[in-house]
>>> print(open('model-v7.cif').read())   # mmCIF, C-alpha atoms and all ligand atoms
data_data
#
loop_
_atom_site.label_atom_id
_atom_site.label_comp_id
_atom_site.auth_asym_id
_atom_site.auth_seq_id
_atom_site.Cartn_x
_atom_site.Cartn_y
_atom_site.Cartn_z
CA MET A 79 0.00 0.00 0.00
CA VAL A 80 1.30 3.41 -0.96
CA SER A 81 1.55 5.96 1.79
CA SER A 82 3.51 9.13 2.20
CA ALA A 83 4.47 11.73 4.75
CA VAL A 84 2.56 14.41 2.87
CA THR A 85 -0.90 15.44 4.04
CA VAL A 86 -3.46 17.34 2.00
CA THR A 87 -5.95 19.31 4.06
CA VAL A 88 -9.19 20.30 2.38
CA ARG A 89 -11.09 23.24 3.85
CA PRO A 90 -14.83 22.97 3.35
CA GLU A 91 -15.46 26.45 4.72
CA HIS A 92 -13.29 27.92 1.96
CA LEU A 93 -15.14 25.86 -0.62
CA ARG A 94 -18.43 27.25 0.68
CA HIS A 95 -17.04 30.77 0.63
CA ASN A 96 -15.93 30.45 -3.01
CA LEU A 97 -19.20 28.84 -4.05
CA ARG A 98 -21.21 31.65 -2.48
CA ALA A 99 -18.98 34.28 -4.11
CA LEU A 100 -19.48 32.66 -7.52
CA ARG A 101 -23.22 32.34 -7.03
CA MET A 102 -23.44 36.07 -6.52
CA ARG A 103 -22.32 36.34 -10.14
CA ARG A 104 -24.66 33.64 -11.33
CA PRO A 105 -26.96 31.65 -9.04
CA LEU A 106 -27.23 28.52 -11.21
CA LEU A 107 -23.99 26.60 -11.44
CA MET A 108 -22.83 23.18 -12.51
CA PRO A 109 -19.54 22.95 -10.59
CA VAL A 110 -16.84 20.83 -12.24
CA ILE A 111 -15.58 18.07 -9.97
CA LYS A 112 -13.72 15.98 -12.55
CA ALA A 113 -10.43 14.28 -11.73
CA ASP A 114 -11.40 13.72 -8.10
CA ALA A 115 -12.48 17.35 -7.80
CA TYR A 116 -9.11 18.65 -9.06
CA GLY A 117 -7.42 16.53 -6.39
CA HIS A 118 -9.62 17.75 -3.54
CA GLY A 119 -11.67 14.55 -3.29
CA ALA A 120 -14.91 14.27 -5.25
CA ALA A 121 -16.84 12.61 -2.42
CA ALA A 122 -16.17 15.34 0.13
CA VAL A 123 -16.50 18.18 -2.37
CA ALA A 124 -19.82 16.87 -3.73
CA ARG A 125 -21.09 16.53 -0.17
CA VAL A 126 -20.30 20.17 0.58
CA LEU A 127 -21.81 21.36 -2.71
CA ALA A 128 -24.98 19.34 -2.18
CA GLY A 129 -25.25 20.80 1.30
CA GLU A 130 -25.26 24.23 -0.33
CA GLY A 131 -28.13 23.26 -2.60
CA ILE A 132 -26.12 22.52 -5.75
CA ASP A 133 -28.02 20.01 -7.88
CA HIS A 134 -25.93 19.91 -11.08
CA MET A 135 -22.30 18.72 -11.18
CA ALA A 136 -19.89 17.81 -13.97
CA VAL A 137 -17.49 14.87 -13.70
CA GLY A 138 -15.04 13.49 -16.26
CA THR A 139 -15.87 9.81 -16.77
CA VAL A 140 -19.14 7.98 -16.31
CA GLY A 141 -17.33 5.94 -13.63
CA GLU A 142 -16.66 9.09 -11.61
CA GLY A 143 -20.37 9.83 -11.77
CA ALA A 144 -21.31 6.30 -10.73
CA PHE A 145 -19.00 6.67 -7.74
CA LEU A 146 -20.97 9.75 -6.63
CA ARG A 147 -24.29 7.96 -7.13
CA ARG A 148 -23.08 5.19 -4.86
CA GLN A 149 -22.38 7.88 -2.28
CA GLY A 150 -26.07 8.72 -2.46
CA HIS A 151 -25.86 11.89 -4.54
CA ASP A 152 -29.00 12.80 -6.37
CA ALA A 153 -27.72 15.68 -8.51
CA PHE A 154 -27.79 15.89 -12.30
CA LEU A 155 -24.39 14.47 -13.28
CA LEU A 156 -22.73 15.33 -16.59
CA ALA A 157 -19.82 13.15 -17.80
CA LEU A 158 -17.58 15.52 -19.76
CA LEU A 159 -15.66 12.76 -21.54
CA GLY A 160 -18.74 10.93 -22.82
CA LEU A 161 -19.08 7.16 -23.13
CA ILE A 162 -15.65 5.53 -23.17
CA HIS A 163 -15.64 2.03 -21.72
CA ASP A 164 -17.93 -0.75 -22.94
CA GLU A 165 -19.86 -0.72 -19.70
CA ASP A 166 -20.41 3.06 -19.69
CA ALA A 167 -23.79 3.08 -21.48
CA ALA A 168 -25.30 0.60 -19.05
CA LEU A 169 -23.68 2.42 -16.13
CA ALA A 170 -24.95 5.80 -17.35
CA ALA A 171 -28.48 4.41 -17.77
CA ALA A 172 -28.46 2.66 -14.40
CA CYS A 173 -26.96 5.63 -12.55
CA ARG A 174 -28.78 8.38 -14.46
CA ILE A 175 -25.57 10.00 -15.68
CA THR A 176 -25.69 12.29 -18.71
CA PRO A 177 -22.79 11.63 -21.09
CA LEU A 178 -21.53 14.11 -23.63
CA VAL A 179 -21.87 13.45 -27.36
CA HIS A 180 -19.49 15.50 -29.46
CA ASP A 181 -19.24 14.11 -32.98
CA ALA A 182 -21.08 11.82 -35.39
CA GLU A 183 -19.18 8.78 -34.22
CA SER A 184 -19.78 9.39 -30.51
CA LEU A 185 -23.49 10.07 -31.12
CA ALA A 186 -23.95 6.96 -33.27
CA ARG A 187 -22.15 4.85 -30.67
CA CYS A 188 -24.15 6.40 -27.87
CA ALA A 189 -27.46 5.73 -29.64
CA ALA A 190 -26.45 2.14 -30.43
CA GLN A 191 -25.34 1.49 -26.86
CA ALA A 192 -28.45 3.15 -25.43
CA ARG A 193 -30.52 0.86 -27.69
CA SER A 194 -28.62 -2.20 -26.53
CA VAL A 195 -29.13 -1.51 -22.83
CA SER A 196 -32.84 -1.13 -23.72
CA ALA A 197 -33.67 1.02 -20.76
CA ALA A 198 -37.29 1.98 -20.24
CA SER A 199 -36.54 5.65 -20.81
CA PRO A 200 -34.14 7.29 -23.30
CA LEU A 201 -30.58 8.07 -22.23
CA SER A 202 -30.14 11.78 -21.48
CA VAL A 203 -27.22 13.29 -23.38
CA ALA A 204 -25.43 16.64 -23.51
CA VAL A 205 -24.52 17.90 -26.98
CA LYS A 206 -21.18 19.65 -27.26
CA PHE A 207 -20.20 22.07 -30.00
CA ASP A 208 -16.71 23.18 -30.93
CA THR A 209 -16.81 26.98 -30.97
CA GLY A 210 -13.07 27.49 -31.41
CA MET A 211 -11.01 25.24 -29.17
CA SER A 212 -10.65 22.34 -31.63
CA ARG A 213 -11.06 19.78 -28.90
CA LEU A 214 -14.39 17.95 -28.49
CA GLY A 215 -17.51 19.18 -30.27
CA PHE A 216 -19.65 19.13 -33.40
CA PRO A 217 -18.94 21.98 -35.83
CA VAL A 218 -21.34 24.86 -35.20
CA GLU A 219 -22.45 24.88 -38.85
CA ASP A 220 -23.77 21.34 -38.37
CA ALA A 221 -26.05 22.35 -35.49
CA PRO A 222 -29.35 22.27 -37.49
CA ALA A 223 -28.44 18.85 -38.96
CA VAL A 224 -27.39 17.52 -35.54
CA ALA A 225 -30.71 18.70 -34.10
CA GLU A 226 -32.62 16.90 -36.87
CA TRP A 227 -30.59 13.75 -36.39
CA LEU A 228 -31.26 13.81 -32.64
CA ARG A 229 -34.97 14.27 -33.32
CA GLY A 230 -34.93 10.94 -35.15
CA LEU A 231 -33.17 9.04 -32.32
CA PRO A 232 -35.75 7.98 -29.73
CA GLU A 233 -33.12 6.20 -27.60
CA VAL A 234 -31.37 9.43 -26.62
CA LYS A 235 -32.76 12.62 -25.19
CA PRO A 236 -30.73 15.84 -25.49
CA VAL A 237 -31.06 17.82 -22.26
CA LEU A 238 -28.08 20.17 -22.47
CA VAL A 239 -26.22 22.04 -25.22
CA MET A 240 -22.75 23.25 -24.33
CA SER A 241 -19.34 24.44 -25.48
CA HIS A 242 -16.06 25.38 -23.82
CA LEU A 243 -14.07 28.61 -23.91
CA ALA A 244 -10.40 28.34 -24.88
CA ALA A 245 -8.90 31.60 -23.64
CA SER A 246 -11.41 33.45 -21.48
CA ASP A 247 -8.70 33.99 -18.85
CA ASP A 248 -6.67 36.21 -21.18
CA PRO A 249 -7.87 39.73 -22.04
CA ARG A 250 -5.69 39.67 -25.18
CA HIS A 251 -8.08 37.06 -26.57
CA ASP A 252 -11.31 38.90 -25.80
CA ALA A 253 -12.27 39.16 -29.47
CA PHE A 254 -11.78 35.41 -29.89
CA THR A 255 -13.87 34.71 -26.78
CA GLY A 256 -16.58 37.01 -28.10
CA GLU A 257 -16.58 35.01 -31.33
CA GLN A 258 -16.94 31.78 -29.35
CA VAL A 259 -19.89 33.27 -27.46
CA SER A 260 -21.69 34.21 -30.65
CA ARG A 261 -20.99 30.83 -32.28
CA PHE A 262 -22.39 29.15 -29.21
CA GLY A 263 -25.50 31.31 -29.49
CA ARG A 264 -26.05 30.00 -33.03
CA ALA A 265 -25.56 26.34 -32.03
CA ALA A 266 -27.79 26.67 -28.97
CA GLY A 267 -30.46 28.42 -31.05
CA ALA A 268 -30.52 25.56 -33.59
CA LEU A 269 -30.92 22.98 -30.83
CA ARG A 270 -33.54 24.99 -28.99
CA ALA A 271 -35.60 25.26 -32.19
CA VAL A 272 -36.10 21.49 -32.05
CA PHE A 273 -35.82 20.90 -28.28
CA PRO A 274 -37.36 23.99 -26.64
CA THR A 275 -36.61 22.94 -23.05
CA ILE A 276 -32.93 22.10 -23.60
CA LYS A 277 -30.57 23.86 -21.17
CA THR A 278 -27.43 25.76 -22.18
CA SER A 279 -23.97 25.89 -20.57
CA LEU A 280 -20.91 27.80 -21.72
CA THR A 281 -18.54 29.41 -19.26
CA ASN A 282 -15.71 28.01 -17.14
CA SER A 283 -14.29 29.92 -14.12
CA PRO A 284 -12.69 32.87 -15.91
CA GLY A 285 -15.67 33.16 -18.26
CA LEU A 286 -18.00 33.26 -15.29
CA LEU A 287 -15.92 35.88 -13.50
CA VAL A 288 -15.53 38.14 -16.52
CA TRP A 289 -18.73 37.54 -18.52
CA PRO A 290 -21.38 36.24 -16.13
CA ASP A 291 -24.10 37.08 -18.66
CA CYS A 292 -22.65 34.65 -21.23
CA ALA A 293 -22.86 31.63 -18.94
CA GLY A 294 -26.09 30.22 -20.33
CA ASP A 295 -28.40 28.40 -17.92
CA LEU A 296 -25.54 26.73 -16.05
CA ALA A 297 -22.02 28.10 -15.64
CA ARG A 298 -19.33 25.45 -15.11
CA PRO A 299 -16.72 26.76 -12.68
CA GLY A 300 -13.88 24.50 -11.60
CA LEU A 301 -10.66 26.24 -10.58
CA ALA A 302 -12.32 29.26 -8.94
CA LEU A 303 -14.35 26.98 -6.73
CA TYR A 304 -11.11 25.54 -5.33
CA GLY A 305 -9.72 29.02 -4.75
CA GLY A 306 -7.38 29.33 -7.71
CA ASN A 307 -7.57 32.73 -9.36
CA PRO A 308 -7.86 32.05 -13.11
CA LEU A 309 -7.23 35.74 -13.83
CA HIS A 310 -3.99 35.92 -11.84
CA GLY A 311 -1.37 37.97 -13.64
CA THR A 312 -3.89 39.81 -15.84
CA GLU A 313 -5.40 43.27 -15.49
CA ARG A 314 -8.57 41.50 -14.27
CA ALA A 315 -6.92 39.66 -11.37
CA GLU A 316 -9.05 41.66 -8.94
CA LEU A 317 -12.18 39.81 -10.12
CA GLY A 318 -10.87 36.58 -8.63
CA ALA A 319 -8.91 38.06 -5.74
CA GLY A 320 -11.34 37.17 -2.94
CA LEU A 321 -11.25 33.43 -3.57
CA LEU A 322 -9.79 31.32 -0.77
CA PRO A 323 -7.58 28.28 -1.51
CA VAL A 324 -9.34 25.09 -0.46
CA MET A 325 -6.22 22.89 -0.50
CA GLU A 326 -3.36 23.08 1.94
CA VAL A 327 -0.42 20.68 1.73
CA THR A 328 1.99 19.93 4.56
CA ALA A 329 4.92 17.62 5.23
CA PRO A 330 6.80 17.10 8.49
CA VAL A 331 10.32 18.28 9.27
CA LEU A 332 12.21 15.02 9.75
CA CYS A 333 15.38 16.54 11.21
CA VAL A 334 17.27 19.80 11.52
CA ARG A 335 21.02 19.83 11.07
CA HIS A 336 23.90 22.30 11.18
CA VAL A 337 25.84 22.36 7.95
CA ALA A 338 29.36 23.78 7.75
CA ALA A 339 30.32 26.34 5.11
CA GLY A 340 31.37 24.51 1.94
CA ALA A 341 29.43 21.32 2.72
CA CYS A 342 27.47 19.68 -0.08
CA ILE A 343 23.71 19.37 0.34
CA GLY A 344 21.85 16.60 -1.45
CA TYR A 345 22.37 14.56 -4.62
CA GLY A 346 24.93 15.62 -7.17
CA CYS A 347 26.55 18.14 -4.81
CA SER A 348 24.61 20.71 -6.83
CA PHE A 349 24.41 22.97 -3.79
CA ARG A 350 27.30 23.90 -1.50
CA ALA A 351 26.60 25.83 1.67
CA PRO A 352 27.99 29.35 1.12
CA ARG A 353 28.13 29.88 4.91
CA PRO A 354 27.32 27.84 8.02
CA MET A 355 23.63 26.95 7.68
CA ARG A 356 20.81 25.26 9.50
CA VAL A 357 18.99 22.93 7.15
CA ALA A 358 15.68 21.14 7.70
CA VAL A 359 14.94 17.86 5.94
CA VAL A 360 11.27 17.81 4.90
CA GLY A 361 9.34 14.63 4.11
CA ALA A 362 8.12 15.53 0.62
CA GLY A 363 9.59 14.71 -2.77
CA TYR A 364 8.77 14.02 -6.38
CA ALA A 365 7.03 10.72 -5.56
CA ASP A 366 4.54 12.86 -3.66
CA GLY A 367 3.94 15.15 -6.62
CA TYR A 368 6.46 17.78 -5.43
CA PRO A 369 8.61 17.85 -8.56
CA ARG A 370 12.36 18.16 -9.03
CA ILE A 371 11.94 21.33 -11.04
CA LEU A 372 11.18 23.14 -7.77
CA ALA A 373 14.83 22.93 -6.63
CA ARG A 374 16.29 26.43 -6.24
CA ARG A 375 12.90 27.97 -7.07
CA ALA A 376 10.39 27.07 -4.39
CA ALA A 377 10.11 27.75 -0.68
CA VAL A 378 8.02 26.13 2.04
CA VAL A 379 6.54 27.88 5.08
CA ILE A 380 7.76 26.80 8.50
CA ARG A 381 6.71 28.65 11.66
CA GLY A 382 5.18 31.36 9.49
CA GLU A 383 8.36 32.04 7.54
CA ARG A 384 9.65 31.15 4.11
CA ALA A 385 12.31 28.46 3.94
CA PRO A 386 13.82 28.17 0.43
CA LEU A 387 14.72 24.78 -1.04
CA VAL A 388 18.43 23.93 -1.16
CA GLY A 389 19.88 21.07 -3.19
CA ARG A 390 17.84 18.73 -5.35
CA VAL A 391 14.38 17.46 -4.56
CA CYS A 392 14.65 13.74 -3.68
CA MET A 393 12.03 11.01 -4.06
CA GLN A 394 10.37 11.49 -0.67
CA MET A 395 12.43 14.28 0.86
CA CYS A 396 13.74 17.74 0.20
CA MET A 397 16.00 20.12 2.12
CA VAL A 398 15.25 23.71 3.06
CA ASP A 399 17.27 26.55 4.55
CA VAL A 400 15.99 27.45 8.02
CA THR A 401 19.04 29.38 9.23
CA HIS A 402 16.91 32.50 9.72
CA ILE A 403 13.99 30.76 11.47
CA ALA A 404 14.32 30.31 15.22
CA GLU A 405 13.63 27.03 16.99
CA VAL A 406 12.73 24.86 14.01
CA ALA A 407 12.63 21.27 15.22
CA SER A 408 11.75 17.85 13.89
CA GLY A 409 8.00 17.40 13.97
CA ASP A 410 7.33 20.96 12.79
CA MET A 411 5.03 21.21 9.81
CA ALA A 412 6.30 22.59 6.53
CA TYR A 413 3.61 23.98 4.24
CA LEU A 414 4.30 23.16 0.61
CA LEU A 415 1.05 24.94 -0.28
CA GLY A 416 -0.79 27.35 1.97
CA GLY A 417 0.34 28.21 5.47
CA VAL A 418 -0.70 30.53 8.22
CA GLY A 419 -0.24 34.27 7.74
CA ALA A 420 1.10 36.56 5.09
CA GLN A 421 3.83 34.16 3.96
CA ALA A 422 1.36 31.46 2.88
CA VAL A 423 2.20 29.93 -0.50
CA ARG A 424 -0.56 30.76 -3.00
CA PRO A 425 -1.48 28.16 -5.64
CA GLU A 426 -0.46 30.62 -8.37
CA GLU A 427 2.94 31.14 -6.78
CA LEU A 428 3.68 27.42 -6.47
CA ALA A 429 2.47 26.98 -10.05
CA HIS A 430 4.85 29.72 -11.20
CA TRP A 431 7.88 28.07 -9.55
CA TRP A 432 6.75 24.77 -11.05
CA GLY A 433 6.32 26.19 -14.55
CA THR A 434 2.68 25.20 -14.67
CA VAL A 435 -0.85 26.30 -13.72
CA PRO A 436 -2.68 25.86 -10.39
CA TYR A 437 -4.85 23.16 -12.00
CA GLU A 438 -1.86 20.83 -12.27
CA VAL A 439 -0.58 21.75 -8.80
CA PHE A 440 -3.91 20.71 -7.25
CA CYS A 441 -4.24 17.52 -9.29
CA MET A 442 -0.69 16.31 -8.55
CA LEU A 443 -0.45 17.19 -4.86
CA GLY A 444 -4.05 16.06 -4.30
CA ARG A 445 -2.97 12.47 -4.86
CA ASN A 446 -1.57 12.31 -1.36
CA ARG A 447 -3.29 11.33 1.85
CA ARG A 448 -6.12 13.77 2.48
CA ARG A 449 -8.00 15.00 5.48
CA LEU A 450 -10.99 17.25 5.84
CA ASP A 451 -10.28 20.29 7.97
CA GLY A 452 -12.46 20.48 11.04
CA GLY A 453 -13.61 16.88 10.73
CA ALA A 454 -12.35 13.88 12.62
CA GLU A 455 -12.40 12.14 9.29
CA THR A 456 -9.19 11.28 7.46
CA TRP A 457 -9.59 9.64 4.12
CA ARG A 458 -7.43 8.15 1.45
CA ASN A 459 -7.15 9.31 -2.06
CA SER A 460 -9.09 7.10 -4.43
CA ALA A 461 -6.34 7.17 -7.04
CA VAL A 462 -3.82 5.79 -4.57
CA PHE A 463 -6.08 3.50 -2.57
CA PRO A 464 -8.30 1.51 -4.90
CA GLY A 465 -11.08 -0.91 -4.15
CA ALA A 466 -12.69 -1.16 -0.79
CA LEU A 467 -10.95 1.87 0.64
CA ARG A 468 -12.13 3.93 -2.28
CA GLU A 469 -15.69 2.93 -1.49
CA SER A 470 -15.30 4.06 2.07
CA LEU A 471 -14.35 7.60 1.12
C1 LIG A 501 -12.53 21.49 -16.68
C2 LIG A 501 -13.66 22.08 -17.41
C3 LIG A 501 -14.37 23.21 -16.92
C4 LIG A 501 -13.92 24.00 -15.71
O1 LIG A 501 -12.88 24.87 -16.08
P1 LIG A 501 -12.19 25.85 -15.00
O2 LIG A 501 -11.24 26.65 -15.79
O3 LIG A 501 -11.54 24.98 -14.01
O4 LIG A 501 -13.29 26.65 -14.40
C5 LIG A 501 -15.50 23.60 -17.59
N1 LIG A 501 -15.92 22.96 -18.70
C6 LIG A 501 -15.25 21.91 -19.23
C7 LIG A 501 -15.73 21.28 -20.48
C8 LIG A 501 -14.10 21.45 -18.61
O5 LIG A 501 -13.42 20.42 -19.14
#
>>> encode(input="model-v7.cif", output="structure tokens")
Amino acid sequence: MVSSAVTVTVRPEHLRHNLRALRMRRPLLMPVIKADAYGHGAAAVARVLAGEGIDHMAVGTVGEGAFLRRQGHDAFLLALLGLIHDEDAALAAACRITPLVHDAESLARCAAQARSVSAASPLSVAVKFDTGMSRLGFPVEDAPAVAEWLRGLPEVKPVLVMSHLAASDDPRHDAFTGEQVSRFGRAAGALRAVFPTIKTSLTNSPGLLVWPDCAGDLARPGLALYGGNPLHGTERAELGAGLLPVMEVTAPVLCVRHVAAGACIGYGCSFRAPRPMRVAVVGAGYADGYPRILARRAAVVIRGERAPLVGRVCMQMCMVDVTHIAEVASGDMAYLLGGVGAQAVRPEELAHWWGTVPYEVFCMLGRNRRRLDGGAETWRNSAVFPGALRESL
């Protein structure tokens, strides 16, 4: 069984805060909890959202949706990746999960599979259009034909028409985003002409923050819900500034040692102490999703102060300079993400050191052992602990 020294703490009160802030922009949301809720734990996150009255959620695979159904969730569940595995159609029908259809092949397959599971009622589907991202989606020009085709397929029932914005976080691409919005309007109009009660859904987190009126019936925020600011580094950063990070990641100090000037620290002797130093060994490394690229770039927070990494990041350990921090001792907690006070490491800052975006930071670090802040409950990550333990999350 895989275990590590790293602990992920998820803060439900911050999740509630972010959700309420987003609902002031747009009351009807379909929060995105794919990929184990961006590493925060889909079971716990869905529980908090349901407690706040959220009744639409988007997952990635049908299996992720089935997992939530088994937890007793009653919400409308959209599977953003559509039907993938052979068992997905039957699972979607049995668990009332709405898969995406996005091209002729996926729609034909979906209809055939829905027919073969011969459920009493048609399988609800969401119809995705490509308005400019060139990922999943029917071409917008085909919308009238797609609507006609769907009309002739009694085994599926389109309940949602959607698309995805490619660059709504970047003001330099506003014209492109505007074009996506108007293309989506055309596709949604063609579907609504045939299916008048179909719902619409367009915007992700930045789209919701910047253009709440373009969301459609259901906005689909992900990152902002978890407290990442998708507009960080742009002139619109203020719009996402009040969001509170939901994930905090800590690892214990394993020992503190005095290092003489000139001594080598860590693999490859890549770092030599320029002066006598006090160095703390922290129990987090690349096996825990704390990557080697962070060497010489990142810092952790110990006793409210920044301790910069020295030497290379190892598999389950890294070393930090604590010369300037009084009384650091083994057993102290080092915050890889978050921390108490002004020195807390923001998701955007860690992402910057890492050369990535907060999305990847959350997904990678979220694979560690997790606990819910304020609850007695500690639970294991489903990706690391399969089977029975996964069920008990
Ligand atoms: C992941 C995802 C979202 C959420 O995007 P954020 O930028 O995290 O808000 C919305 N829609 C689709 C289709 C997605 O894949």
>>> residues_around(input="model-v7.cif", residues="Arg101 (chain A)", least_positions_apart="3", cutoff="12 Å", atoms="only C-alpha atoms", output="PyMOL selection string")
chain A and resi 94-98+104-109+127+130-132+283+286-287+290+293+296-299+302-303
>>> residues_near_ligand(input="model-v7.cif", ligand="ligand LIG 501 (chain A)", cutoff="8 Å", atoms="only C-alpha atoms and all ligand atoms", output="NGL selection string")
:A and (109-110 or 112 or 138 or 158 or 241-243 or 280-285 or 298-303 or 308 or 437)
>>> closest_residue(input="model-v7.cif", among="A:Lys235, A:Arg356, A:Arg384, A:His118", to="Pro323 (chain A)", atoms="all atoms listed in the file")
A:His118
>>> closest_residue(input="model-v7.cif", among="A:Thr401, A:Leu155, A:Val324, A:Arg381", to="Leu450 (chain A)", atoms="only C-alpha atoms")
A:Val324
>>> atom_distance(input="model-v7.cif", atom1="CA of Arg424 (chain A)", atom2="CA of Ala376 (chain A)")
11.6 Å
>>> residues_near_point(input="model-v7.cif", point="(-18.3, 12.7, -34.2)", cutoff="12 Å", atoms="all atoms listed in the file", output="PyMOL selection string")
chain A and resi 160+178-188+205-208+213-217+220+224
>>> residues_around(input="model-v7.cif", residues="region 195-202 of chain A", least_positions_apart="6", cutoff="12 Å", atoms="only C-alpha atoms", output="PyMOL selection string")
chain A and resi 154-157+160-161+164-179+185+188-189+228+231-239+276
>>> residues_around(input="model-v7.cif", residues="Cys333 (chain A)", least_positions_apart="4", cutoff="10 Å", atoms="only C-alpha atoms", output="PyMOL selection string")
chain A and resi 357-361+397+406-410
>>> write_last_selection(input="model-v7.cif", atoms="C-alpha atoms", output="PDB file, in the coordinates of the input")
ATOM      1  CA  VAL A 357      18.990  22.930   7.150  1.00  0.00           C
ATOM      2  CA  ALA A 358      15.680  21.140   7.700  1.00  0.00           C
ATOM      3  CA  VAL A 359      14.940  17.860   5.940  1.00  0.00           C
ATOM      4  CA  VAL A 360      11.270  17.810   4.900  1.00  0.00           C
ATOM      5  CA  GLY A 361       9.340  14.630   4.110  1.00  0.00           C
ATOM      6  CA  MET A 397      16.000  20.120   2.120  1.00  0.00           C
ATOM      7  CA  VAL A 406      12.730  24.860  14.010  1.00  0.00           C
ATOM      8  CA  ALA A 407      12.630  21.270  15.220  1.00  0.00           C
ATOM      9  CA  SER A 408      11.750  17.850  13.890  1.00  0.00           C
ATOM     10  CA  GLY A 409       8.000  17.400  13.970  1.00  0.00           C
ATOM     11  CA  ASP A 410       7.330  20.960  12.790  1.00  0.00           C
TER      12      ASP A 410
END
>>> closest_residue(input="model-v7.cif", among="A:Ile162, A:Ala192, A:Val378, A:Ala121", to="Arg147 (chain A)", atoms="only C-alpha atoms")
A:Ala121
>>> atom_distance(input="model-v7.cif", atom1="CA of Ile371 (chain A)", atom2="CA of Glu438 (chain A)")
13.9 Å
>>> closest_residue(input="model-v7.cif", among="A:Asn446, A:Ser246, A:Thr434, A:Thr312", to="Gly119 (chain A)", atoms="all atoms listed in the file")
A:Asn446
>>> residues_around(input="model-v7.cif", residues="Tyr413 (chain A)", least_positions_apart="4", cutoff="7 Å", atoms="all atoms listed in the file", output="list in words")
Val327, Thr328, Ala329, Val378, Val379, Ile380 and Gly417 of chain A
>>> closest_residue(input="model-v7.cif", among="A:Ala115, A:Arg229, A:His151, A:Val334", to="Ala128 (chain A)", atoms="only C-alpha atoms")
A:His151
>>> atom_distance(input="model-v7.cif", atom1="CA of Gly256 (chain A)", atom2="CA of Ala268 (chain A)")
18.9 Å
>>> residues_near_point(input="model-v7.cif", point="(-6.9, 13.7, -7.2)", cutoff="7 Å", atoms="all atoms listed in the file", output="PDB file with C-alpha atoms, in the frame of the given file")
ATOM      1  CA  ALA A 113     -10.430  14.280 -11.730  1.00  0.00           C
ATOM      2  CA  ASP A 114     -11.400  13.720  -8.100  1.00  0.00           C
ATOM      3  CA  ALA A 115     -12.480  17.350  -7.800  1.00  0.00           C
ATOM      4  CA  TYR A 116      -9.110  18.650  -9.060  1.00  0.00           C
ATOM      5  CA  GLY A 117      -7.420  16.530  -6.390  1.00  0.00           C
ATOM      6  CA  HIS A 118      -9.620  17.750  -3.540  1.00  0.00           C
ATOM      7  CA  GLY A 119     -11.670  14.550  -3.290  1.00  0.00           C
ATOM      8  CA  CYS A 441      -4.240  17.520  -9.290  1.00  0.00           C
ATOM      9  CA  MET A 442      -0.690  16.310  -8.550  1.00  0.00           C
ATOM     10  CA  GLY A 444      -4.050  16.060  -4.300  1.00  0.00           C
ATOM     11  CA  ARG A 445      -2.970  12.470  -4.860  1.00  0.00           C
ATOM     12  CA  ASN A 459      -7.150   9.310  -2.060  1.00  0.00           C
ATOM     13  CA  ALA A 461      -6.340   7.170  -7.040  1.00  0.00           C
TER      14      ALA A 461
END
>>> residues_around(input="model-v7.cif", residues="Arg314 (chain A)", least_positions_apart="5", cutoff="9 Å", atoms="only C-alpha atoms", output="list in words")
Asp247, Asp248, Pro249, Val288 and Leu309 of chain A
>>> closest_residue(input="model-v7.cif", among="A:Ala124, A:Ala225, A:Cys292, A:Val400", to="Ser279 (chain A)", atoms="only C-alpha atoms")
A:Cys292
